[in-house]
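Here is the structure we will look at.
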Amino acid sequence: MNRGKHARVSALLHAWRRVAVLHGREQWRRFYQHGVFDARLKTRTGQDQIGAAFVQMIRHQVVGALESYMSNRQNDFSEMVNRSSLDERTRHQLHFINRWRAWQTLSVPLVMRDGSTIPEAVRRLARNLFRAVMKRHRLPALHRVNMVIDQRAVSITPSRNASHFRLWARLSTLDKGKRVDLPLQTYSHFTTRAGNRALTVQVNQRQDGSFGVGILTDVTDAFAASRAAYRPRCEALALDLGLNTLLATDQGDLVGRQWRSKLDYHDRRITELAAYLQKRGLKPNHSSRYRARVSALRGWLKSEVNRCLNRLVAVRAPAEVIVERLDFQAPGLSRRLNRLISNMGRGFIEAKLKDLEERFGIRCTKVIAAYSSQTDSACGYVDKNNRTAQARFKCRWCGHRQHADVNAARNLVRRRSPGLTDTGRASRDALLSALVRQHVERFTRPRGRPADPRLSNPYFSAWAASVR
């Protein structure tokens, strides 16, 4: 688009962000007073700057962003409680408080389903835990949001005469009654994707200052048809995610074996350029070359995750996918790349699993991954020394040998019980105690003093003391 159109869209975006910050302050004030966000809050904030219709769109966008942020903090709170050493009843009460987002309110009594009232000491503990969770994360950057505009201010029409641009977006601006026509260039995925084009668009501003318009697609009917046609061939498929082999399944599949070498390649390109820029006193994020290399890493991560998961769905066709909580950290990579892939990779995998659930109805279950790489899937013996190398696993009790990632994936299948899922209340210590107890009950007698590895295993120290 020409300079005039660019200036008018930029002015709208700047006003949009200013009003979004104001509405964010109002919503946070309401949250700490009443415990909820309200998209229907009647207020005239920003109407003199941008108009009533735009203000209503901004309010809904802000509330959506804050709701998503608080949902993530609820998950962090739940994870913190699960990893604690608190007793079962206290953890259950904390999960109840977290479920209803009652971290701040101490004046109103909370009554659980069994009729018991949560004591004030637990309420104060919940408030302190919530404050600790909030300190670890930044608030949503509402001053950098993009515009989500509905049919009241934008319309999409096909091009009649232009050959290079397939669509035109007519967008309202701050000048009342004066709209701008934005030329849109489509691509193959957009034109071939099934579904109905929605009446809402997202106007994004890239780092170079240019604008892009994302047209949302309603895929409800298309996904309903694909779910009806999907025929599962296996009940469950467990996935062990790593950085040497991207995905290993309990059925022996190893997908993405060149994953680590590609990561090392991107690591060298990004860290070398970042070191060069920092020596010259420049910030890497201000360099277009650095941003281009990070963008290349992001695109490769997303395409590789989608390719591997699509391949497994095509070959195995599971009804349920079992995954662990992903960390995406590797000791051989730089801190910079570990931070990048940890933020990107987790989001890409979760988005793809959600897409598979909506598209084919494949359920996703997250389980506790603690000790899965140290436990033998054959006899259940858990030992730090079972994993002799990154890809090799040899049980010190029964001698069972297997690829380490496949062995870990087979352990995840057994953790689908409610207490061992990611939303369950089992801690790492409780899980380890259960693994030790099950193995001791199965193999009660020591098999000779020097030959029994459990006697020198710190996980079995209590049992070894009773045997002695």
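Following the order of the structure tokens, chains are lettered A, B, ..., residues in each are numbered from 1, and ligands are numbered from 1.
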Using only C-alpha atoms, which residues sit within 10 Å of segment 141-148 of chain A once same-chain residues fewer than 6 positions away are excluded, as a PyMOL selection string? chain A and resi 12-14+16-25+54+57-58+60-62+65-66+200-206+213-214
Using only C-alpha atoms, which residues sit within 12 Å of Asn72 of chain A once same-chain residues fewer than 2 positions away are excluded, as a list of chain:residue names? A:Ala65, A:Leu66, A:Glu67, A:Ser68, A:Tyr69, A:Met70, A:Gln74, A:Asn75, A:Asp76, A:Phe77, A:Ser78, A:Glu79, A:Asn98, A:Val133, A:Met134, A:His137, A:Arg138, A:Leu139, A:Pro140
Please provide as a ChimeraX atom specification all residues within 12 Å of Asp48 of chain A, with the sequence filter that same-chain residues fewer than 5 positions apart are discarded (counting only C-alpha atoms). /A:15,19,43,53-55,174
Residues at most 8 Å from Pro284 of chain A, counting only C-alpha atoms, excluding those fewer than 4 positions away in the same chain, as a count of residues only? 6
Among listed residues A:Val467, A:Leu167, A:Ala52, A:Leu254, nearest Tyr187 of chain A (using only C-alpha atoms):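 Looking at the shortest contact to Tyr187 of chain A, the residue is A:Leu167.
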Residue neighbourhood Asn310 of chain A, 9 Å, only C-alpha atoms, exclusion window fewer than 5 positions, as a list in words: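 Here the qualifying residues turn out to be Val305, Val315 and Leu356 of chain A.
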Could you take the residues named above and write them with C-alpha atoms, as a PDB file, in the first residue's frame?
ATOM      1  CA  VAL A 305       6.976 -30.509  14.542  1.00  0.00           C
ATOM      2  CA  VAL A 315       1.003 -44.309  10.160  1.00  0.00           C
ATOM      3  CA  LEU A 356      -5.172 -32.802  15.946  1.00  0.00           C
TER       4      LEU A 356
END
Enter the distance from atom CA of Met112 of chain A to atom CA of Ala132 of chain A, in Å, rounded to one decimal. 24.6 Å
Check the smallest atom-to-atom distance from each of A:Arg227, A:Arg233, A:Ala238, A:Asp208 to Ser287 of chain A using only C-alpha atoms, then report the winner.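 Checking each of A:Arg227, A:Arg233, A:Ala238, A:Asp208 against Ser287 of chain A, counting only C-alpha atoms, the winner is A:Asp208.
Note that the spacing between atom CA of Pro453 of chain A and atom CA of Thr388 of chain A amounts to 14.9 Å.
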Could you please write out, as a PyMOL selection string, every residue of segment 105-266 of chain A that DSSP assigns to helix (DSSP H, G or I)? chain A and resi 120-135+142-144+188-192+220-229+259-266
